[in-house]
file entry26.cif (mmCIF, N, CA and C atoms and all ligand atoms)
data_upload
loop_
_atom_site.label_atom_id
_atom_site.label_comp_id
_atom_site.auth_asym_id
_atom_site.auth_seq_id
_atom_site.Cartn_x
_atom_site.Cartn_y
_atom_site.Cartn_z
N MET E 157 -4.45 22.55 24.46
CA MET E 157 -4.71 21.18 24.00
C MET E 157 -6.20 20.93 24.00
N SER E 158 -6.83 21.17 22.85
CA SER E 158 -8.28 21.02 22.82
C SER E 158 -8.67 19.55 22.57
N GLU E 159 -9.91 19.28 22.93
CA GLU E 159 -10.43 17.92 22.80
C GLU E 159 -10.52 17.53 21.32
N THR E 160 -10.30 16.27 21.03
CA THR E 160 -10.45 15.78 19.67
C THR E 160 -11.52 14.70 19.66
N ILE E 161 -11.78 14.23 18.46
CA ILE E 161 -12.76 13.16 18.27
C ILE E 161 -12.33 11.90 19.03
N PHE E 162 -11.03 11.73 19.21
CA PHE E 162 -10.56 10.53 19.92
C PHE E 162 -10.89 10.60 21.41
N ASP E 163 -10.93 11.81 21.98
CA ASP E 163 -11.37 11.93 23.38
C ASP E 163 -12.83 11.47 23.50
N LYS E 164 -13.61 11.78 22.48
CA LYS E 164 -15.03 11.39 22.48
C LYS E 164 -15.17 9.87 22.33
N ILE E 165 -14.22 9.26 21.65
CA ILE E 165 -14.22 7.78 21.57
C ILE E 165 -13.84 7.20 22.93
N ILE E 166 -12.86 7.80 23.59
CA ILE E 166 -12.44 7.33 24.92
C ILE E 166 -13.62 7.42 25.89
N SER E 167 -14.36 8.54 25.83
CA SER E 167 -15.46 8.75 26.79
C SER E 167 -16.76 8.08 26.33
N ARG E 168 -16.70 7.40 25.19
CA ARG E 168 -17.85 6.67 24.63
C ARG E 168 -18.97 7.61 24.14
N GLU E 169 -18.65 8.89 23.94
CA GLU E 169 -19.64 9.80 23.32
C GLU E 169 -19.84 9.42 21.87
N ILE E 170 -18.77 8.87 21.26
CA ILE E 170 -18.81 8.42 19.87
C ILE E 170 -18.45 6.94 19.87
N PRO E 171 -19.21 6.13 19.14
CA PRO E 171 -18.90 4.69 19.15
C PRO E 171 -17.68 4.35 18.29
N ALA E 172 -17.04 3.27 18.63
CA ALA E 172 -15.93 2.76 17.83
C ALA E 172 -15.83 1.27 18.10
N GLU E 173 -15.24 0.57 17.13
CA GLU E 173 -15.02 -0.88 17.31
C GLU E 173 -13.72 -1.06 18.09
N ILE E 174 -13.89 -1.24 19.38
CA ILE E 174 -12.72 -1.30 20.26
C ILE E 174 -12.08 -2.68 20.22
N VAL E 175 -10.77 -2.66 20.04
CA VAL E 175 -9.99 -3.89 19.91
C VAL E 175 -9.25 -4.19 21.21
N TYR E 176 -8.86 -3.14 21.91
CA TYR E 176 -8.10 -3.31 23.15
C TYR E 176 -8.30 -2.07 24.02
N GLU E 177 -8.40 -2.30 25.33
CA GLU E 177 -8.46 -1.16 26.24
C GLU E 177 -7.87 -1.54 27.58
N ASP E 178 -7.14 -0.63 28.17
CA ASP E 178 -6.75 -0.75 29.57
C ASP E 178 -6.76 0.66 30.16
N GLU E 179 -6.21 0.79 31.33
CA GLU E 179 -6.25 2.06 32.06
C GLU E 179 -5.65 3.22 31.25
N ASN E 180 -4.61 2.92 30.49
CA ASN E 180 -3.83 3.98 29.82
C ASN E 180 -3.99 4.05 28.31
N TYR E 181 -4.57 3.02 27.69
CA TYR E 181 -4.58 2.95 26.22
C TYR E 181 -5.95 2.52 25.70
N LEU E 182 -6.17 2.91 24.44
CA LEU E 182 -7.35 2.42 23.72
C LEU E 182 -6.92 2.11 22.28
N ALA E 183 -7.40 0.99 21.76
CA ALA E 183 -7.13 0.64 20.36
C ALA E 183 -8.47 0.31 19.71
N PHE E 184 -8.66 0.80 18.49
CA PHE E 184 -9.94 0.61 17.80
C PHE E 184 -9.73 0.62 16.29
N ASN E 185 -10.70 0.02 15.58
CA ASN E 185 -10.60 -0.05 14.13
C ASN E 185 -10.74 1.34 13.52
N ASP E 186 -9.89 1.62 12.54
CA ASP E 186 -9.99 2.89 11.81
C ASP E 186 -11.30 2.90 11.01
N ILE E 187 -11.96 4.03 11.00
CA ILE E 187 -13.25 4.17 10.31
C ILE E 187 -13.09 4.11 8.79
N ASN E 188 -11.88 4.36 8.31
CA ASN E 188 -11.60 4.38 6.87
C ASN E 188 -10.37 3.50 6.60
N PRO E 189 -10.55 2.18 6.74
CA PRO E 189 -9.38 1.28 6.71
C PRO E 189 -8.66 1.27 5.37
N GLN E 190 -7.35 1.29 5.43
CA GLN E 190 -6.51 1.27 4.23
C GLN E 190 -6.01 -0.13 3.89
N ALA E 191 -6.40 -1.10 4.71
CA ALA E 191 -5.98 -2.50 4.52
C ALA E 191 -6.95 -3.35 5.34
N PRO E 192 -6.94 -4.69 5.14
CA PRO E 192 -7.87 -5.54 5.90
C PRO E 192 -7.78 -5.31 7.42
N ILE E 193 -6.58 -5.02 7.90
CA ILE E 193 -6.43 -4.67 9.31
C ILE E 193 -5.86 -3.25 9.39
N HIS E 194 -6.61 -2.38 10.03
CA HIS E 194 -6.16 -1.00 10.22
C HIS E 194 -6.70 -0.55 11.57
N ILE E 195 -5.82 -0.60 12.54
CA ILE E 195 -6.20 -0.32 13.93
C ILE E 195 -5.40 0.88 14.43
N LEU E 196 -6.07 1.73 15.18
CA LEU E 196 -5.40 2.90 15.78
C LEU E 196 -5.18 2.60 17.25
N ILE E 197 -3.96 2.83 17.71
CA ILE E 197 -3.60 2.57 19.11
C ILE E 197 -3.17 3.90 19.71
N MET E 198 -3.81 4.30 20.79
CA MET E 198 -3.48 5.61 21.35
C MET E 198 -3.42 5.57 22.87
N PRO E 199 -2.61 6.48 23.43
CA PRO E 199 -2.66 6.64 24.88
C PRO E 199 -3.90 7.46 25.22
N LYS E 200 -4.51 7.20 26.36
CA LYS E 200 -5.67 8.01 26.75
C LYS E 200 -5.23 9.43 27.10
N LYS E 201 -3.99 9.56 27.55
CA LYS E 201 -3.44 10.90 27.83
C LYS E 201 -3.43 11.72 26.55
N ARG E 202 -3.91 12.95 26.64
CA ARG E 202 -3.99 13.79 25.45
C ARG E 202 -2.63 14.42 25.14
N ILE E 203 -1.96 13.87 24.13
CA ILE E 203 -0.69 14.42 23.65
C ILE E 203 -0.94 14.73 22.17
N PRO E 204 -0.93 15.99 21.76
CA PRO E 204 -1.36 16.34 20.39
C PRO E 204 -0.50 15.73 19.29
N THR E 205 0.81 15.89 19.38
CA THR E 205 1.68 15.37 18.31
C THR E 205 2.91 14.74 18.94
N ILE E 206 3.66 14.04 18.12
CA ILE E 206 4.88 13.40 18.62
C ILE E 206 5.88 14.48 19.06
N ASN E 207 5.73 15.70 18.54
CA ASN E 207 6.60 16.80 18.99
C ASN E 207 6.36 17.16 20.46
N ASP E 208 5.23 16.76 20.99
CA ASP E 208 4.86 17.16 22.35
C ASP E 208 5.23 16.13 23.41
N ILE E 209 5.81 15.00 22.98
CA ILE E 209 6.15 14.00 24.00
C ILE E 209 7.30 14.49 24.87
N GLN E 210 7.23 14.10 26.13
CA GLN E 210 8.25 14.48 27.11
C GLN E 210 8.97 13.22 27.57
N LYS E 211 10.13 13.46 28.18
CA LYS E 211 10.91 12.34 28.70
C LYS E 211 10.06 11.42 29.59
N ASN E 212 9.21 12.03 30.42
CA ASN E 212 8.42 11.19 31.32
C ASN E 212 7.25 10.47 30.64
N ASP E 213 7.13 10.65 29.32
CA ASP E 213 6.16 9.87 28.53
C ASP E 213 6.81 8.62 27.93
N SER E 214 8.09 8.42 28.19
CA SER E 214 8.84 7.36 27.51
C SER E 214 8.15 6.00 27.63
N GLU E 215 7.74 5.65 28.85
CA GLU E 215 7.12 4.34 29.05
C GLU E 215 5.78 4.26 28.33
N LEU E 216 5.04 5.37 28.39
CA LEU E 216 3.72 5.41 27.74
C LEU E 216 3.87 5.22 26.22
N ILE E 217 4.85 5.88 25.64
CA ILE E 217 5.06 5.77 24.19
C ILE E 217 5.53 4.37 23.82
N ALA E 218 6.45 3.82 24.61
CA ALA E 218 6.93 2.46 24.35
C ALA E 218 5.76 1.48 24.41
N GLY E 219 4.83 1.73 25.31
CA GLY E 219 3.68 0.84 25.48
C GLY E 219 2.84 0.72 24.21
N LEU E 220 2.82 1.77 23.38
CA LEU E 220 2.06 1.71 22.13
C LEU E 220 2.57 0.56 21.26
N PHE E 221 3.90 0.39 21.27
CA PHE E 221 4.51 -0.63 20.43
C PHE E 221 4.26 -2.04 20.98
N PHE E 222 4.25 -2.16 22.29
CA PHE E 222 3.96 -3.47 22.89
C PHE E 222 2.52 -3.88 22.58
N ILE E 223 1.59 -2.91 22.68
CA ILE E 223 0.19 -3.22 22.36
C ILE E 223 0.05 -3.56 20.89
N ALA E 224 0.74 -2.80 20.03
CA ALA E 224 0.67 -3.06 18.58
C ALA E 224 1.13 -4.47 18.26
N LYS E 225 2.25 -4.89 18.81
CA LYS E 225 2.74 -6.24 18.45
C LYS E 225 1.86 -7.31 19.06
N ASP E 226 1.30 -7.07 20.23
CA ASP E 226 0.37 -8.06 20.81
C ASP E 226 -0.88 -8.19 19.94
N ILE E 227 -1.40 -7.07 19.45
CA ILE E 227 -2.58 -7.12 18.58
C ILE E 227 -2.21 -7.83 17.26
N ALA E 228 -1.03 -7.50 16.72
CA ALA E 228 -0.60 -8.13 15.47
C ALA E 228 -0.53 -9.65 15.64
N ILE E 229 -0.03 -10.10 16.76
CA ILE E 229 0.06 -11.55 17.03
C ILE E 229 -1.35 -12.12 17.12
N LYS E 230 -2.22 -11.44 17.88
CA LYS E 230 -3.61 -11.92 18.05
C LYS E 230 -4.35 -11.99 16.72
N LYS E 231 -4.07 -11.03 15.84
CA LYS E 231 -4.75 -11.00 14.53
C LYS E 231 -4.08 -11.94 13.52
N GLY E 232 -2.93 -12.52 13.92
CA GLY E 232 -2.26 -13.48 13.05
C GLY E 232 -1.51 -12.86 11.89
N ILE E 233 -1.09 -11.61 12.03
CA ILE E 233 -0.36 -10.96 10.93
C ILE E 233 1.12 -10.73 11.28
N ASP E 234 1.54 -11.22 12.43
CA ASP E 234 2.91 -10.97 12.89
C ASP E 234 3.94 -11.63 11.99
N LYS E 235 3.67 -12.82 11.52
CA LYS E 235 4.66 -13.54 10.70
C LYS E 235 4.74 -12.93 9.29
N ASP E 236 3.60 -12.66 8.69
CA ASP E 236 3.60 -12.08 7.33
C ASP E 236 4.12 -10.65 7.36
N GLY E 237 3.81 -9.95 8.43
CA GLY E 237 4.31 -8.57 8.58
C GLY E 237 3.21 -7.53 8.51
N TYR E 238 3.57 -6.36 8.94
CA TYR E 238 2.60 -5.27 9.04
C TYR E 238 3.39 -3.97 9.12
N ARG E 239 2.69 -2.87 9.19
CA ARG E 239 3.37 -1.57 9.26
C ARG E 239 2.78 -0.74 10.40
N LEU E 240 3.67 -0.04 11.10
CA LEU E 240 3.25 0.90 12.14
C LEU E 240 3.59 2.30 11.66
N ILE E 241 2.62 3.20 11.74
CA ILE E 241 2.82 4.56 11.24
C ILE E 241 2.34 5.55 12.29
N LEU E 242 3.14 6.59 12.47
CA LEU E 242 2.73 7.67 13.38
C LEU E 242 2.94 9.00 12.63
N ASN E 243 1.85 9.57 12.17
CA ASN E 243 1.92 10.80 11.39
C ASN E 243 2.10 12.01 12.30
N CYS E 244 2.86 12.99 11.81
CA CYS E 244 3.06 14.21 12.61
C CYS E 244 2.80 15.46 11.78
N ASN E 245 1.83 16.24 12.26
CA ASN E 245 1.48 17.54 11.67
C ASN E 245 1.09 17.43 10.19
N GLU E 246 0.92 18.58 9.57
CA GLU E 246 0.28 18.63 8.25
C GLU E 246 1.05 17.85 7.18
N ASN E 247 2.35 18.09 7.08
CA ASN E 247 3.11 17.40 6.02
C ASN E 247 3.21 15.90 6.26
N GLY E 248 3.10 15.51 7.52
CA GLY E 248 3.13 14.08 7.85
C GLY E 248 1.78 13.41 7.67
N GLY E 249 0.75 14.21 7.38
CA GLY E 249 -0.57 13.63 7.12
C GLY E 249 -1.41 13.43 8.37
N GLN E 250 -1.04 14.11 9.46
CA GLN E 250 -1.83 13.96 10.69
C GLN E 250 -3.14 14.73 10.56
N SER E 251 -4.24 14.09 10.91
CA SER E 251 -5.54 14.78 10.85
C SER E 251 -6.22 14.86 12.21
N VAL E 252 -5.84 13.99 13.13
CA VAL E 252 -6.41 14.05 14.49
C VAL E 252 -5.25 14.30 15.45
N TYR E 253 -5.38 15.39 16.22
CA TYR E 253 -4.25 15.85 17.04
C TYR E 253 -4.31 15.27 18.46
N HIS E 254 -4.23 13.96 18.46
CA HIS E 254 -4.12 13.13 19.67
C HIS E 254 -3.30 11.93 19.20
N ILE E 255 -2.04 11.85 19.61
CA ILE E 255 -1.14 10.87 18.97
C ILE E 255 -1.74 9.46 18.95
N HIS E 256 -1.48 8.79 17.85
CA HIS E 256 -1.98 7.43 17.65
C HIS E 256 -1.09 6.72 16.66
N LEU E 257 -0.91 5.45 16.93
CA LEU E 257 -0.11 4.60 16.06
C LEU E 257 -1.07 3.83 15.16
N HIS E 258 -0.82 3.89 13.85
CA HIS E 258 -1.61 3.08 12.91
C HIS E 258 -0.96 1.71 12.82
N LEU E 259 -1.73 0.67 13.01
CA LEU E 259 -1.28 -0.71 12.77
C LEU E 259 -2.01 -1.17 11.51
N ILE E 260 -1.23 -1.37 10.46
CA ILE E 260 -1.83 -1.67 9.15
C ILE E 260 -1.26 -2.99 8.64
N GLY E 261 -2.14 -3.89 8.22
CA GLY E 261 -1.66 -5.18 7.72
C GLY E 261 -2.78 -5.99 7.09
N GLY E 262 -2.44 -7.23 6.80
CA GLY E 262 -3.42 -8.13 6.19
C GLY E 262 -3.31 -8.17 4.68
N ARG E 263 -2.38 -7.41 4.13
CA ARG E 263 -2.07 -7.47 2.70
C ARG E 263 -0.64 -6.98 2.51
N LYS E 264 -0.09 -7.24 1.32
CA LYS E 264 1.25 -6.73 1.01
C LYS E 264 1.15 -5.21 0.81
N LEU E 265 1.97 -4.49 1.55
CA LEU E 265 1.93 -3.03 1.47
C LEU E 265 3.03 -2.53 0.55
N SER E 266 2.72 -1.48 -0.20
CA SER E 266 3.76 -0.94 -1.07
C SER E 266 4.60 0.08 -0.28
N TRP E 267 5.73 0.42 -0.84
CA TRP E 267 6.67 1.36 -0.24
C TRP E 267 7.22 2.23 -1.35
N ILE E 268 7.36 3.50 -1.25
CA ILE E 268 7.21 4.33 -0.08
C ILE E 268 5.83 4.97 -0.12
N PRO E 269 5.21 5.25 1.06
CA PRO E 269 3.92 5.94 1.05
C PRO E 269 4.07 7.30 0.36
N GLY E 270 3.05 7.72 -0.35
CA GLY E 270 3.12 8.95 -1.15
C GLY E 270 3.19 10.21 -0.33
P1 LIG H 1 -4.05 10.63 11.12
O1 LIG H 1 -4.39 11.16 9.77
O2 LIG H 1 -4.25 11.70 12.18
O3 LIG H 1 -2.72 9.96 11.24
O4 LIG H 1 -5.10 9.47 11.40
C1 LIG H 1 -6.39 9.70 11.80
C2 LIG H 1 -7.17 8.45 11.50
O5 LIG H 1 -8.36 8.48 12.26
C3 LIG H 1 -7.59 8.32 10.04
O6 LIG H 1 -7.05 7.13 9.49
C4 LIG H 1 -9.11 8.32 10.08
O7 LIG H 1 -9.68 7.42 9.16
C5 LIG H 1 -9.40 7.92 11.52
N1 LIG H 1 -10.62 8.47 12.06
C6 LIG H 1 -11.04 9.78 11.98
N2 LIG H 1 -12.21 9.93 12.62
C7 LIG H 1 -12.53 8.70 13.12
C8 LIG H 1 -13.65 8.24 13.88
O8 LIG H 1 -14.58 8.97 14.24
N3 LIG H 1 -13.65 6.92 14.22
C9 LIG H 1 -12.65 6.06 13.86
N4 LIG H 1 -12.76 4.78 14.23
N5 LIG H 1 -11.59 6.48 13.14
C10 LIG H 1 -11.52 7.78 12.77
#
call {"tool": "encode", "arguments": {"input": "entry26.cif", "output": "structure tokens"}}
result
Amino acid sequence: MSETIFDKIISREIPAEIVYEDENYLAFNDINPQAPIHILIMPKKRIPTINDIQKNDSELIAGLFFIAKDIAIKKGIDKDGYRLILNCNENGGQSVYHIHLHLIGGRKLSWIPG
């Protein structure tokens, strides 16, 4: 499990616009936003892909969704709606191998993603 760019964001070696942080999680604006709101929410624990989650990560993974909905409420997009995406491996479009949930909103999103 090698270090990724997101570990460098956690350690503040690389700057990011941080939206939320606590002991176990970090959320920050995506550098290449696909919508007016595009935030990445990740556990600080290094888990490369969703294939690597273990039973004892259950609470940690569930926490991503609680943080996402709290941020959505704070940003005022909860009523209009938003999308949560978790890409896995190459065909899923994953480019950073440290799991993260994309919170995307602030405009009407089309379906299905290409
Ligand atoms: P993935 O493709 O792995 O699901 O998502 C990775 C996301 O990380 C992409 O949306 C990409 O724009 C974002 N990203 C990559 N490098 C950086 C960075 O250095 N800073 C920030 N804030 N976002 C990044």
call {"tool": "select_by_dssp", "arguments": {"input": "entry26.cif", "residues": "region 168-248 of chain E", "states": "helix (DSSP H, G or I)", "output": "list in words"}}
result
Ile206, Asn207, Asp208, Lys211, Asn212, Asp213, Ser214, Glu215, Leu216, Ile217, Ala218, Gly219, Leu220, Phe221, Phe222, Ile223, Ala224, Lys225, Asp226, Ile227, Ala228, Ile229, Lys230, Lys231, Asn245, Glu246, Asn247 and Gly248 of chain E
call {"tool": "select_by_dssp", "arguments": {"input": "entry26.cif", "residues": "chain E", "states": "strand (DSSP E)", "output": "list in words"}}
result
Ile174, Val175, Tyr176, Glu177, Tyr181, Leu182, Ala183, Phe184, Asn185, Ile193, His194, Ile195, Leu196, Ile197, Met198, Pro199, Tyr238, Arg239, Leu240, Ile241, Leu257, His258, Leu259, Ile260 and Gly261 of chain E
call {"tool": "residues_around", "arguments": {"input": "entry26.cif", "residues": "Thr160 (chain E)", "least_positions_apart": "4", "cutoff": "6.5 Å", "atoms": "all atoms listed in the file", "output": "list in words"}}
result
Lys164, Ile165 and Tyr253 of chain E
call {"tool": "atom_distance", "arguments": {"input": "entry26.cif", "atom1": "atom C of Phe162 (chain E)", "atom2": "atom C of Ile241 (chain E)"}}
result
16.8 Å
call {"tool": "residues_near_ligand", "arguments": {"input": "entry26.cif", "ligand": "ligand LIG 1 (chain H)", "cutoff": "5 Å", "atoms": "all atoms listed in the file", "output": "list of chain:residue names"}}
result
E:Asn185, E:Asp186, E:Ile187, E:Asn188, E:Asn243, E:Gly249, E:Gln250, E:Ser251, E:Val252
call {"tool": "atom_distance", "arguments": {"input": "entry26.cif", "atom1": "CA of Tyr238 (chain E)", "atom2": "CA of Ile197 (chain E)"}}
result
14.2 Å
call {"tool": "closest_residue", "arguments": {"input": "entry26.cif", "among": "E:Leu220, E:Ile161, E:Ile206, E:Cys244", "to": "Asn180 (chain E)", "atoms": "only C-alpha atoms"}}
result
E:Leu220
call {"tool": "closest_residue", "arguments": {"input": "entry26.cif", "among": "E:His258, E:Lys235, E:Arg263, E:Arg168", "to": "His194 (chain E)", "atoms": "only C-alpha atoms"}}
result
E:His258
call {"tool": "closest_residue", "arguments": {"input": "entry26.cif", "among": "E:Gly232, E:Gly248, E:Gly261, E:Gly219", "to": "Asp178 (chain E)", "atoms": "only C-alpha atoms"}}
result
E:Gly219
call {"tool": "atom_distance", "arguments": {"input": "entry26.cif", "atom1": "CA of Leu259 (chain E)", "atom2": "CA of Ile193 (chain E)"}}
result
7.4 Å
call {"tool": "closest_residue", "arguments": {"input": "entry26.cif", "among": "E:Thr205, E:Lys200, E:Val175, E:Pro189", "to": "Asp163 (chain E)", "atoms": "all atoms listed in the file"}}
result
E:Lys200
call {"tool": "closest_residue", "arguments": {"input": "entry26.cif", "among": "E:Ala172, E:Ile166, E:Ile227, E:Ile233", "to": "Pro199 (chain E)", "atoms": "only C-alpha atoms"}}
result
E:Ile166
call {"tool": "build_atoms", "arguments": {"input": "entry26.cif", "residues": "region 172-194 of chain E", "atoms": "N, CA, C and O atoms", "output": "mmCIF file, in the coordinates of the input"}}
result
data_model
loop_
_atom_site.group_PDB
_atom_site.id
_atom_site.type_symbol
_atom_site.label_atom_id
_atom_site.label_comp_id
_atom_site.auth_asym_id
_atom_site.auth_seq_id
_atom_site.Cartn_x
_atom_site.Cartn_y
_atom_site.Cartn_z
ATOM 1 N N ALA E 172 -17.040 3.270 18.630
ATOM 2 C CA ALA E 172 -15.930 2.760 17.830
ATOM 3 C C ALA E 172 -15.830 1.270 18.100
ATOM 4 O O ALA E 172 -16.311 0.782 19.128
ATOM 5 N N GLU E 173 -15.240 0.570 17.130
ATOM 6 C CA GLU E 173 -15.020 -0.880 17.310
ATOM 7 C C GLU E 173 -13.720 -1.060 18.090
ATOM 8 O O GLU E 173 -12.635 -0.999 17.510
ATOM 9 N N ILE E 174 -13.890 -1.240 19.380
ATOM 10 C CA ILE E 174 -12.720 -1.300 20.260
ATOM 11 C C ILE E 174 -12.080 -2.680 20.220
ATOM 12 O O ILE E 174 -12.746 -3.699 20.337
ATOM 13 N N VAL E 175 -10.770 -2.660 20.040
ATOM 14 C CA VAL E 175 -9.990 -3.890 19.910
ATOM 15 C C VAL E 175 -9.250 -4.190 21.210
ATOM 16 O O VAL E 175 -9.047 -5.344 21.572
ATOM 17 N N TYR E 176 -8.860 -3.140 21.910
ATOM 18 C CA TYR E 176 -8.100 -3.310 23.150
ATOM 19 C C TYR E 176 -8.300 -2.070 24.020
ATOM 20 O O TYR E 176 -8.322 -0.951 23.516
ATOM 21 N N GLU E 177 -8.400 -2.300 25.330
ATOM 22 C CA GLU E 177 -8.460 -1.160 26.240
ATOM 23 C C GLU E 177 -7.870 -1.540 27.580
ATOM 24 O O GLU E 177 -8.048 -2.664 28.071
ATOM 25 N N ASP E 178 -7.140 -0.630 28.170
ATOM 26 C CA ASP E 178 -6.750 -0.750 29.570
ATOM 27 C C ASP E 178 -6.760 0.660 30.160
ATOM 28 O O ASP E 178 -7.258 1.609 29.528
ATOM 29 N N GLU E 179 -6.210 0.790 31.330
ATOM 30 C CA GLU E 179 -6.250 2.060 32.060
ATOM 31 C C GLU E 179 -5.650 3.220 31.250
ATOM 32 O O GLU E 179 -6.136 4.344 31.296
ATOM 33 N N ASN E 180 -4.610 2.920 30.490
ATOM 34 C CA ASN E 180 -3.830 3.980 29.820
ATOM 35 C C ASN E 180 -3.990 4.050 28.310
ATOM 36 O O ASN E 180 -3.522 5.029 27.709
ATOM 37 N N TYR E 181 -4.570 3.020 27.690
ATOM 38 C CA TYR E 181 -4.580 2.950 26.220
ATOM 39 C C TYR E 181 -5.950 2.520 25.700
ATOM 40 O O TYR E 181 -6.706 1.824 26.378
ATOM 41 N N LEU E 182 -6.170 2.910 24.440
ATOM 42 C CA LEU E 182 -7.350 2.420 23.720
ATOM 43 C C LEU E 182 -6.920 2.110 22.280
ATOM 44 O O LEU E 182 -6.164 2.884 21.679
ATOM 45 N N ALA E 183 -7.400 0.990 21.760
ATOM 46 C CA ALA E 183 -7.130 0.640 20.360
ATOM 47 C C ALA E 183 -8.470 0.310 19.710
ATOM 48 O O ALA E 183 -9.311 -0.379 20.298
ATOM 49 N N PHE E 184 -8.660 0.800 18.490
ATOM 50 C CA PHE E 184 -9.940 0.610 17.800
ATOM 51 C C PHE E 184 -9.730 0.620 16.290
ATOM 52 O O PHE E 184 -8.729 1.139 15.786
ATOM 53 N N ASN E 185 -10.700 0.020 15.580
ATOM 54 C CA ASN E 185 -10.600 -0.050 14.130
ATOM 55 C C ASN E 185 -10.740 1.340 13.520
ATOM 56 O O ASN E 185 -11.616 2.123 13.932
ATOM 57 N N ASP E 186 -9.890 1.620 12.540
ATOM 58 C CA ASP E 186 -9.990 2.890 11.810
ATOM 59 C C ASP E 186 -11.300 2.900 11.010
ATOM 60 O O ASP E 186 -11.689 1.901 10.410
ATOM 61 N N ILE E 187 -11.960 4.030 11.000
ATOM 62 C CA ILE E 187 -13.250 4.170 10.310
ATOM 63 C C ILE E 187 -13.090 4.110 8.790
ATOM 64 O O ILE E 187 -14.036 3.773 8.066
ATOM 65 N N ASN E 188 -11.880 4.360 8.310
ATOM 66 C CA ASN E 188 -11.600 4.380 6.870
ATOM 67 C C ASN E 188 -10.370 3.500 6.600
ATOM 68 O O ASN E 188 -9.301 3.999 6.264
ATOM 69 N N PRO E 189 -10.550 2.180 6.740
ATOM 70 C CA PRO E 189 -9.380 1.280 6.710
ATOM 71 C C PRO E 189 -8.660 1.270 5.370
ATOM 72 O O PRO E 189 -9.292 1.263 4.318
ATOM 73 N N GLN E 190 -7.350 1.290 5.430
ATOM 74 C CA GLN E 190 -6.510 1.270 4.230
ATOM 75 C C GLN E 190 -6.010 -0.130 3.890
ATOM 76 O O GLN E 190 -5.262 -0.333 2.931
ATOM 77 N N ALA E 191 -6.400 -1.100 4.710
ATOM 78 C CA ALA E 191 -5.980 -2.500 4.520
ATOM 79 C C ALA E 191 -6.950 -3.350 5.340
ATOM 80 O O ALA E 191 -7.737 -2.803 6.140
ATOM 81 N N PRO E 192 -6.940 -4.690 5.140
ATOM 82 C CA PRO E 192 -7.870 -5.540 5.900
ATOM 83 C C PRO E 192 -7.780 -5.310 7.420
ATOM 84 O O PRO E 192 -8.784 -5.406 8.115
ATOM 85 N N ILE E 193 -6.580 -5.020 7.900
ATOM 86 C CA ILE E 193 -6.430 -4.670 9.310
ATOM 87 C C ILE E 193 -5.860 -3.250 9.390
ATOM 88 O O ILE E 193 -4.791 -2.974 8.823
ATOM 89 N N HIS E 194 -6.610 -2.380 10.030
ATOM 90 C CA HIS E 194 -6.160 -1.000 10.220
ATOM 91 C C HIS E 194 -6.700 -0.550 11.570
ATOM 92 O O HIS E 194 -7.876 -0.201 11.711
#
